[in-house]
Each structure stands twice: as structure tokens, then as C-alpha cells.
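Chemist: One file: work31.pdb (PDB, C-alpha atoms).
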```pdb
ATOM      1  CA  MET J1357     -13.981  10.774 -14.311
ATOM      2  CA  ARG J1358     -11.415   8.366 -12.916
ATOM      3  CA  HIS J1359     -12.684   4.800 -12.739
ATOM      4  CA  PRO J1360     -11.369   2.546  -9.956
ATOM      5  CA  ARG J1361      -8.968  -0.136 -11.116
ATOM      6  CA  PRO J1362     -10.159  -3.738 -10.896
ATOM      7  CA  ALA J1363      -8.866  -5.460  -7.791
ATOM      8  CA  THR J1364      -6.710  -7.751  -9.919
ATOM      9  CA  ASP J1365      -4.779  -4.710 -11.176
ATOM     10  CA  LEU J1366      -3.658  -3.567  -7.726
ATOM     11  CA  PRO J1367       0.094  -2.920  -7.648
ATOM     12  CA  ARG J1368       2.280  -5.551  -6.080
ATOM     13  CA  ALA J1369       5.022  -4.501  -3.689
ATOM     14  CA  THR J1370       8.450  -3.970  -5.217
ATOM     15  CA  THR J1371      10.128  -2.180  -2.312
ATOM     16  CA  PRO J1372      11.905  -3.943   0.557
ATOM     17  CA  ARG J1373       9.598  -5.397   3.174
ATOM     18  CA  PRO J1374      10.093  -4.488   6.851
ATOM     19  CA  GLY J1375      13.256  -6.216   7.913
ATOM     20  CA  GLY J1376      14.968  -5.692   4.556
ATOM     21  CA  ALA J1377      13.778  -8.749   2.611
ATOM     22  CA  PRO J1378      13.403  -8.096  -1.121
ATOM     23  CA  ALA J1379       9.849  -8.102  -2.479
ATOM     24  CA  GLY J1380      10.784  -8.626  -6.126
ATOM     25  CA  GLY J1381      14.266 -10.157  -6.266
ATOM     26  CA  LEU J1382      17.706  -8.578  -6.166
ATOM     27  CA  ARG J1383      17.099  -6.331  -9.166
ATOM     28  CA  GLU J1384      13.977  -4.850  -7.615
ATOM     29  CA  LEU J1385      15.744  -4.493  -4.273
ATOM     30  CA  LYS J1386      18.570  -2.549  -5.946
ATOM     31  CA  LYS J1387      16.074  -0.276  -7.690
ATOM     32  CA  ALA J1388      14.223   0.305  -4.425
ATOM     33  CA  ARG J1389      17.449   1.219  -2.650
ATOM     34  CA  THR J1390      18.399   3.650  -5.422
ATOM     35  CA  ARG J1391      14.975   5.275  -5.235
ATOM     36  CA  GLU J1392      15.222   5.511  -1.444
ATOM     37  CA  ALA J1393      18.715   7.037  -1.644
ATOM     38  CA  ILE J1394      17.608   9.683  -4.128
ATOM     39  CA  GLN J1395      14.627  10.613  -1.979
ATOM     40  CA  ARG J1396      16.698  10.677   1.224
ATOM     41  CA  HIS J1397      19.319  12.995  -0.272
ATOM     42  CA  ALA J1398      16.599  15.184  -1.759
ATOM     43  CA  LEU J1399      14.917  15.612   1.617
ATOM     44  CA  GLU J1400      18.243  16.498   3.215
ATOM     45  CA  LEU J1401      18.861  19.183   0.595
ATOM     46  CA  PHE J1402      15.330  20.551   0.897
ATOM     47  CA  ARG J1403      15.860  20.861   4.636
ATOM     48  CA  GLU J1404      19.228  22.581   4.255
ATOM     49  CA  GLN J1405      18.558  24.994   1.399
ATOM     50  CA  GLY J1406      14.820  24.964   0.727
ATOM     51  CA  TYR J1407      12.630  23.126  -1.762
ATOM     52  CA  THR J1408      12.528  25.840  -4.419
ATOM     53  CA  GLN J1409      16.264  26.500  -4.285
ATOM     54  CA  THR J1410      17.215  22.829  -4.701
ATOM     55  CA  THR J1411      17.730  21.648  -8.273
ATOM     56  CA  VAL J1412      17.401  18.159  -9.698
ATOM     57  CA  GLU J1413      21.069  18.359 -10.639
ATOM     58  CA  ALA J1414      22.016  19.011  -7.007
ATOM     59  CA  ILE J1415      19.930  16.057  -5.833
ATOM     60  CA  ALA J1416      21.473  13.768  -8.436
ATOM     61  CA  GLU J1417      24.975  14.856  -7.442
ATOM     62  CA  ALA J1418      24.287  14.272  -3.747
ATOM     63  CA  ALA J1419      22.852  10.809  -4.480
ATOM     64  CA  GLU J1420      25.756  10.022  -6.835
ATOM     65  CA  VAL J1421      23.533   9.366  -9.831
ATOM     66  CA  SER J1422      23.094  11.164 -13.134
ATOM     67  CA  PRO J1423      20.160  13.546 -13.725
ATOM     68  CA  SER J1424      18.834  11.052 -16.296
ATOM     69  CA  THR J1425      18.809   8.376 -13.580
ATOM     70  CA  PHE J1426      16.912  10.742 -11.294
ATOM     71  CA  TYR J1427      14.247  11.212 -13.960
ATOM     72  CA  ARG J1428      14.052   7.466 -14.499
ATOM     73  CA  TYR J1429      12.912   7.090 -10.905
ATOM     74  CA  PHE J1430      11.092  10.403 -10.418
ATOM     75  CA  PRO J1431       9.507  12.163 -13.434
ATOM     76  CA  THR J1432       9.568  15.544 -11.626
ATOM     77  CA  LYS J1433      11.045  17.131  -8.523
ATOM     78  CA  GLU J1434       7.559  17.073  -7.001
ATOM     79  CA  ASP J1435       7.473  13.295  -7.342
ATOM     80  CA  VAL J1436      10.568  12.854  -5.184
ATOM     81  CA  VAL J1437       8.572  14.325  -2.280
ATOM     82  CA  LEU J1438       5.205  12.742  -3.007
ATOM     83  CA  TYR J1439       6.431   9.202  -3.660
ATOM     84  CA  ASP J1440       5.521   7.072  -0.626
ATOM     85  CA  ALA J1441       7.600   3.912  -0.275
ATOM     86  CA  LEU J1442       5.186   2.680   2.403
ATOM     87  CA  ASP J1443       2.254   2.293   0.002
ATOM     88  CA  PRO J1444       3.277  -1.088  -1.472
ATOM     89  CA  LEU J1445       4.289  -2.319   1.981
ATOM     90  CA  VAL J1446       0.893  -1.444   3.482
ATOM     91  CA  ILE J1447      -0.869  -3.065   0.507
ATOM     92  CA  GLU J1448       1.114  -6.242   0.980
ATOM     93  CA  ALA J1449       0.534  -6.239   4.743
ATOM     94  CA  TYR J1450      -3.195  -5.631   4.216
ATOM     95  CA  ARG J1451      -3.440  -8.674   1.984
ATOM     96  CA  ARG J1452      -1.726 -10.795   4.631
ATOM     97  CA  GLN J1453      -4.268 -10.003   7.344
ATOM     98  CA  PRO J1454      -6.547 -12.855   8.508
ATOM     99  CA  VAL J1455      -9.737 -13.159   6.492
ATOM    100  CA  GLU J1456     -11.859 -12.809   9.613
ATOM    101  CA  LEU J1457     -10.726  -9.196  10.101
ATOM    102  CA  ASP J1458     -13.089  -6.622   8.657
ATOM    103  CA  PRO J1459     -11.610  -3.987   6.296
ATOM    104  CA  LEU J1460     -11.042  -1.336   8.968
ATOM    105  CA  ASP J1461      -9.309  -3.677  11.396
ATOM    106  CA  ALA J1462      -7.245  -5.109   8.538
ATOM    107  CA  LEU J1463      -6.189  -1.579   7.590
ATOM    108  CA  ARG J1464      -5.274  -0.806  11.186
ATOM    109  CA  ALA J1465      -3.223  -4.001  11.512
ATOM    110  CA  ALA J1466      -1.449  -3.445   8.193
ATOM    111  CA  PHE J1467      -0.478   0.117   9.038
ATOM    112  CA  GLN J1468       0.742  -0.816  12.503
ATOM    113  CA  GLU J1469       2.796  -3.695  11.110
ATOM    114  CA  VAL J1470       4.588  -1.449   8.636
ATOM    115  CA  TRP J1471       4.935   1.588  10.903
ATOM    116  CA  GLN J1472       6.371  -0.364  13.841
ATOM    117  CA  ALA J1473       9.088  -1.776  11.566
ATOM    118  CA  LEU J1474      10.371   1.680  10.549
ATOM    119  CA  SER J1475      13.556   3.146  11.953
ATOM    120  CA  LEU J1476      13.576   6.604  13.529
ATOM    121  CA  VAL J1477      15.290   7.973  10.414
ATOM    122  CA  GLU J1478      12.585   6.495   8.188
ATOM    123  CA  ILE J1479       9.844   7.970  10.383
ATOM    124  CA  GLU J1480      11.503  11.380  10.256
ATOM    125  CA  GLY J1481      11.634  11.113   6.453
ATOM    126  CA  GLN J1482       7.920  10.333   6.280
ATOM    127  CA  VAL J1483       7.098  13.294   8.519
ATOM    128  CA  GLU J1484       9.324  15.615   6.493
ATOM    129  CA  ARG J1485       7.681  14.526   3.237
ATOM    130  CA  GLY J1486       4.259  15.262   4.669
ATOM    131  CA  ARG J1487       5.267  18.663   5.946
ATOM    132  CA  LEU J1488       6.681  19.658   2.571
ATOM    133  CA  ALA J1489       3.527  18.482   0.790
ATOM    134  CA  LEU J1490       1.378  20.605   3.090
ATOM    135  CA  THR J1491       3.486  23.778   3.106
ATOM    136  CA  GLU J1492       4.971  24.079  -0.395
ATOM    137  CA  PRO J1493       2.384  25.711  -2.709
ATOM    138  CA  VAL J1494       3.707  23.881  -5.771
ATOM    139  CA  LEU J1495       3.095  20.549  -4.027
ATOM    140  CA  GLN J1496      -0.311  21.182  -2.483
ATOM    141  CA  GLY J1497      -2.353  20.543  -5.632
ATOM    142  CA  ARG J1498      -0.472  17.340  -6.378
ATOM    143  CA  TYR J1499      -0.945  16.217  -2.774
ATOM    144  CA  LEU J1500      -4.702  16.563  -3.172
ATOM    145  CA  LEU J1501      -4.543  14.334  -6.253
ATOM    146  CA  GLU J1502      -2.545  11.805  -4.232
ATOM    147  CA  LEU J1503      -5.316  11.732  -1.628
ATOM    148  CA  VAL J1504      -7.859  11.031  -4.374
ATOM    149  CA  ARG J1505      -5.634   8.229  -5.640
ATOM    150  CA  THR J1506      -5.389   6.834  -2.117
ATOM    151  CA  VAL J1507      -9.176   6.754  -1.754
ATOM    152  CA  SER J1508      -9.450   4.828  -5.035
ATOM    153  CA  LEU J1509      -6.706   2.409  -4.028
ATOM    154  CA  THR J1510      -8.271   1.845  -0.608
ATOM    155  CA  ALA J1511     -11.630   1.134  -2.248
ATOM    156  CA  ASP J1512      -9.950  -1.451  -4.465
ATOM    157  CA  LEU J1513      -8.390  -3.157  -1.444
ATOM    158  CA  ILE J1514     -11.632  -3.194   0.544
ATOM    159  CA  ALA J1515     -13.528  -4.575  -2.447
ATOM    160  CA  GLU J1516     -10.873  -7.238  -2.947
ATOM    161  CA  ARG J1517     -11.171  -8.347   0.694
ATOM    162  CA  LEU J1518     -14.967  -8.487   0.563
ATOM    163  CA  GLY J1519     -15.281  -9.915  -2.933
ATOM    164  CA  ARG J1520     -17.336  -6.917  -4.038
ATOM    165  CA  ASP J1521     -17.115  -4.128  -6.615
ATOM    166  CA  ALA J1522     -15.002  -1.076  -5.771
ATOM    167  CA  SER J1523     -17.572   1.197  -7.468
ATOM    168  CA  GLU J1524     -20.275   0.362  -4.875
ATOM    169  CA  LEU J1525     -21.322   3.392  -2.835
ATOM    170  CA  GLU J1526     -20.697   1.713   0.522
ATOM    171  CA  ILE J1527     -17.204   0.664  -0.549
ATOM    172  CA  ARG J1528     -16.290   4.148  -1.781
ATOM    173  CA  VAL J1529     -17.679   5.833   1.336
ATOM    174  CA  THR J1530     -15.796   3.456   3.613
ATOM    175  CA  ALA J1531     -12.604   4.072   1.645
ATOM    176  CA  GLY J1532     -13.077   7.840   1.858
ATOM    177  CA  ALA J1533     -13.783   7.686   5.579
ATOM    178  CA  ALA J1534     -10.743   5.491   6.208
ATOM    179  CA  THR J1535      -8.475   7.782   4.169
ATOM    180  CA  GLY J1536      -9.794  10.845   5.972
ATOM    181  CA  ALA J1537      -9.328   9.145   9.327
ATOM    182  CA  MET J1538      -5.726   8.256   8.520
ATOM    183  CA  LEU J1539      -5.074  11.840   7.419
ATOM    184  CA  ALA J1540      -6.570  13.075  10.691
ATOM    185  CA  ALA J1541      -4.166  10.794  12.541
ATOM    186  CA  LEU J1542      -1.207  12.061  10.490
ATOM    187  CA  LEU J1543      -1.878  15.806  10.704
ATOM    188  CA  PRO J1544      -0.637  16.271  14.302
ATOM    189  CA  ALA J1545       2.589  14.483  13.341
ATOM    190  CA  LEU J1546       3.037  16.939  10.467
ATOM    191  CA  THR J1547       2.323  20.093  12.462
ATOM    192  CA  GLU J1548       3.552  19.449  16.012
ATOM    193  CA  ASP J1549       6.919  19.034  17.717
ATOM    194  CA  PRO J1550       7.721  16.595  19.138
ATOM    195  CA  VAL J1551       5.965  14.194  16.777
ATOM    196  CA  PRO J1552       3.070  12.418  18.578
ATOM    197  CA  ASP J1553       2.744   8.629  18.709
ATOM    198  CA  LEU J1554       1.262   7.947  15.283
ATOM    199  CA  GLY J1555       0.445   4.321  16.087
ATOM    200  CA  ALA J1556      -1.761   5.406  18.983
ATOM    201  CA  SER J1557      -3.387   8.084  16.814
ATOM    202  CA  VAL J1558      -4.274   5.532  14.130
ATOM    203  CA  ASP J1559      -5.839   3.251  16.746
ATOM    204  CA  ALA J1560      -7.903   6.161  18.060
ATOM    205  CA  VAL J1561      -9.271   7.246  14.684
ATOM    206  CA  ILE J1562     -10.090   3.698  13.584
ATOM    207  CA  ASP J1563     -11.935   3.140  16.873
ATOM    208  CA  PHE J1564     -13.858   6.349  16.234
ATOM    209  CA  LEU J1565     -14.844   5.126  12.778
ATOM    210  CA  ARG J1566     -16.007   1.824  14.218
ATOM    211  CA  ARG J1567     -18.255   3.704  16.646
ATOM    212  CA  GLY J1568     -20.011   5.216  13.653
ATOM    213  CA  PHE J1569     -18.631   8.755  14.050
ATOM    214  CA  ARG J1570     -20.640   9.201  17.235
ATOM    215  CA  LEU J1571     -19.509  12.317  19.099
TER
END
```
Once you've parsed the file, please lay out its structure as C-alpha cells.

Modeler:
Amino acid sequence: MRHPRPATDLPRATTPRPGGAPAGGLRELKKARTREAIQRHALELFREQGYTQTTVEAIAEAAEVSPSTFYRYFPTKEDVVLYDALDPLVIEAYRRQPVELDPLDALRAAFQEVWQALSLVEIEGQVERGRLALTEPVLQGRYLLELVRTVSLTADLIAERLGRDASELEIRVTAGAATGAMLAALLPALTEDPVPDLGASVDAVIDFLRRGFRL
């Protein structure tokens, strides 16, 4: 059984904030840019020649790094798809929201803040990652584990905001509902062309949650 981390152990952002400002100094900014470059080149190769056919060596060559550097940033080829650079940004944005906002509205505001700052290329990368995670059999099991991790992380954040324990039933249920709602908002973007307005979809699902799931 996986126990939720204490709120004080929540990861701090180390990737660039929207607008390009470093979150952990120049060294961390350089590492974040290297990680982003590796992932970007990997996604390009997956698109051109398929996920299974693309080797780590090919990704490293395209990103102009050594295979050992690739593995320093991504333990496996699966990780280069599943790593989400937005996670630390959303966490940081969530913590910046006014204290008077309840957890759901704080989550909505944090997501919108980060999403609206993305470039079209960055949005396309996020959509492509999601599509690969849903369609590649080797990634599907890992993606499910990532969703479980997201529920736990969301529970930690909600508990931190409320000054409560993340193991409380109400906290865990709210975290699960919020994660499911966000996934429901994302699914059309991962399965439809052209990609729908994700910001509007997030607003709609959060509003639905706030109405108590009343159909």
C-alpha cells in the first residue's frame, strides 16, 4: 500500500516557470532545458518512425547528448514520454493561489495559469505525450500508475491548503474526483482533431464537480 507523502515533502518546482524564469537557479534551468530538449527530440522521432522502432541511442543522437546522459534524465524510454514538465509548474502555481480559494478553484486557477502560458509547440507536445500514453500498450500500465501518483499528489496539495491530513477520506475522494475530472477534460484533446479548447474544458468539469455531480 502506498502511503501519501507528508505535505512538507511535496516536490518543489525545478523547471522553468511560465515566461522562462528559472525556478532553481541557472544550473537547474540548464538541466530543465536539457530534459526538455531530449523529450522534444524523442517525440519528434516517435512521430516520424514510431515509438517501438525508435531507440534510446537515436534519441540521444538527435538531442546531441550521450546515451548515458539520456539515462541520467530518463531511466527508461517510457519515462521520456510519461515525464510531465507541467507538474512542478502547476504545484507552484497552486501554492500561489489566494488562501480564500477552495481547493477546486485553486486547482482550476493553477492549471489555467500554466496552460495559458504555453506556446503552441508546447501544447502540441503535451497532446502528443498523452496520445502515446493511451495508445502504446507498453505505456498504458505505466500511465495508470502515473494517474495513481497524481491522485496522491493532489491529495497532498489539498491537505496542505486546508491544514488537514492527506489520508482523510474526504481529502482522498476530492483528490480522486479532481484527477478524474481533469482526465475527462483532457481526453477529447487526446482523441480529437482539431484539439478542443482545453482551458474551457477544465472550467466545465470543475464547475460540474462544484455542482456535486448533479446530472

Chemist: Excluding same-chain residues fewer than 6 positions from Leu1503 (chain J), what lies within 10 Å of it counting all atoms listed in the file, as a list in words?

Modeler: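 The filter keeps Leu1509, Gly1532, Thr1535, Gly1536 and Leu1539 of chain J.
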
Chemist: Taking the file as shown, what set of residues would the PyMOL selection byres ((chain J and resi 1527) around 12) give back, as number ranges by chain?

Modeler: J: 1360, 1459-1460, 1507-1526, 1528-1534

Chemist: So how many Å separate CA of Asp1440 (chain J) and CA of Pro1552 (chain J), to one decimal?

Modeler: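 Interatomic distance here is 20.1 Å.
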
Chemist: Write out as a short mmCIF file (atom, residue, chain, number, x, y, z; two decimals) with C-alpha atoms, in the coordinates of the input the residues lying within 12 Å of Trp1471 (chain J), counting all atoms listed in the file and excluding same-chain residues fewer than 4 positions away.

Modeler:
```cif
data_model
loop_
_atom_site.label_atom_id
_atom_site.label_comp_id
_atom_site.auth_asym_id
_atom_site.auth_seq_id
_atom_site.Cartn_x
_atom_site.Cartn_y
_atom_site.Cartn_z
CA ARG J 1373 9.60 -5.40 3.17
CA PRO J 1374 10.09 -4.49 6.85
CA GLY J 1375 13.26 -6.22 7.91
CA ALA J 1441 7.60 3.91 -0.28
CA LEU J 1442 5.19 2.68 2.40
CA ASP J 1443 2.25 2.29 0.00
CA LEU J 1445 4.29 -2.32 1.98
CA VAL J 1446 0.89 -1.44 3.48
CA ALA J 1449 0.53 -6.24 4.74
CA ARG J 1464 -5.27 -0.81 11.19
CA ALA J 1465 -3.22 -4.00 11.51
CA ALA J 1466 -1.45 -3.44 8.19
CA PHE J 1467 -0.48 0.12 9.04
CA SER J 1475 13.56 3.15 11.95
CA LEU J 1476 13.58 6.60 13.53
CA GLU J 1478 12.58 6.50 8.19
CA ILE J 1479 9.84 7.97 10.38
CA GLU J 1480 11.50 11.38 10.26
CA GLN J 1482 7.92 10.33 6.28
CA ASP J 1553 2.74 8.63 18.71
CA LEU J 1554 1.26 7.95 15.28
CA GLY J 1555 0.44 4.32 16.09
CA ALA J 1556 -1.76 5.41 18.98
CA VAL J 1558 -4.27 5.53 14.13
#
```

Chemist: Between CA of Val1421 (chain J) and CA of Gln1395 (chain J), what is the spacing in Å?

Modeler: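 CA of Gln1395 (chain J) sits 11.9 Å away from CA of Val1421 (chain J).
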
Chemist: Could you expand the PyMOL selection byres ((chain J and resi 1561) around 10) into the explicit residues it covers here, written as a list in words?

Modeler: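 Output from the PyMOL selection byres ((chain J and resi 1561) around 10), applied to this file: Arg1464, Ala1534, Gly1536, Ala1537, Met1538, Leu1539, Ala1540, Ala1541, Ala1556, Ser1557, Val1558, Asp1559, Ala1560, Ile1562, Asp1563, Phe1564, Leu1565, Arg1566, Arg1567 and Phe1569 of chain J.
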
Chemist: Using only C-alpha atoms, determine which residues lie at most 8 Å from region 1403-1415 of chain J, disregarding the query and same-chain residues fewer than 3 positions distant; provide the list as a list in words.

Modeler: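 The contact residues come out as Ile1394, His1397, Ala1398, Leu1399, Glu1400, Ala1418, Ala1419, Ser1422, Pro1423, Phe1426, Lys1433 and Glu1492 of chain J.
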
Chemist: Would you mind reading off the distance between CA of Gln1472 (chain J) and CA of Glu1548 (chain J), one decimal, in Å?

Modeler: 20.1 Å

Chemist: Skipping near chain neighbours, those fewer than 2 positions away, what residues fall within 12 Å of region 1493-1495 of chain J using all atoms listed in the file, listed as a PDB file with C-alpha atoms, keeping the file's coordinate frame?

Modeler:
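Saved as around.pdb:
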```pdb
ATOM      1  CA  TYR J1407      12.630  23.126  -1.762  1.00  0.00           C
ATOM      2  CA  THR J1408      12.528  25.840  -4.419  1.00  0.00           C
ATOM      3  CA  THR J1432       9.568  15.544 -11.626  1.00  0.00           C
ATOM      4  CA  LYS J1433      11.045  17.131  -8.523  1.00  0.00           C
ATOM      5  CA  GLU J1434       7.559  17.073  -7.001  1.00  0.00           C
ATOM      6  CA  ASP J1435       7.473  13.295  -7.342  1.00  0.00           C
ATOM      7  CA  VAL J1436      10.568  12.854  -5.184  1.00  0.00           C
ATOM      8  CA  VAL J1437       8.572  14.325  -2.280  1.00  0.00           C
ATOM      9  CA  LEU J1438       5.205  12.742  -3.007  1.00  0.00           C
ATOM     10  CA  TYR J1439       6.431   9.202  -3.660  1.00  0.00           C
ATOM     11  CA  ARG J1485       7.681  14.526   3.237  1.00  0.00           C
ATOM     12  CA  GLY J1486       4.259  15.262   4.669  1.00  0.00           C
ATOM     13  CA  ARG J1487       5.267  18.663   5.946  1.00  0.00           C
ATOM     14  CA  LEU J1488       6.681  19.658   2.571  1.00  0.00           C
ATOM     15  CA  ALA J1489       3.527  18.482   0.790  1.00  0.00           C
ATOM     16  CA  LEU J1490       1.378  20.605   3.090  1.00  0.00           C
ATOM     17  CA  THR J1491       3.486  23.778   3.106  1.00  0.00           C
ATOM     18  CA  GLY J1497      -2.353  20.543  -5.632  1.00  0.00           C
ATOM     19  CA  ARG J1498      -0.472  17.340  -6.378  1.00  0.00           C
ATOM     20  CA  TYR J1499      -0.945  16.217  -2.774  1.00  0.00           C
ATOM     21  CA  LEU J1500      -4.702  16.563  -3.172  1.00  0.00           C
ATOM     22  CA  LEU J1501      -4.543  14.334  -6.253  1.00  0.00           C
ATOM     23  CA  GLU J1502      -2.545  11.805  -4.232  1.00  0.00           C
TER      24      GLU J1502
END
```

Chemist: Show me, as JSON, the centre and edge lengths in Å to one decimal of the axis-aligned box that covers every listed atom of region 1455-1473 of chain J with 3 Å on each side.

Modeler:
```
{"center_x": -2.0, "center_y": -5.8, "center_z": 10.1, "size_x": 28.2, "size_y": 20.7, "size_z": 13.5}
```
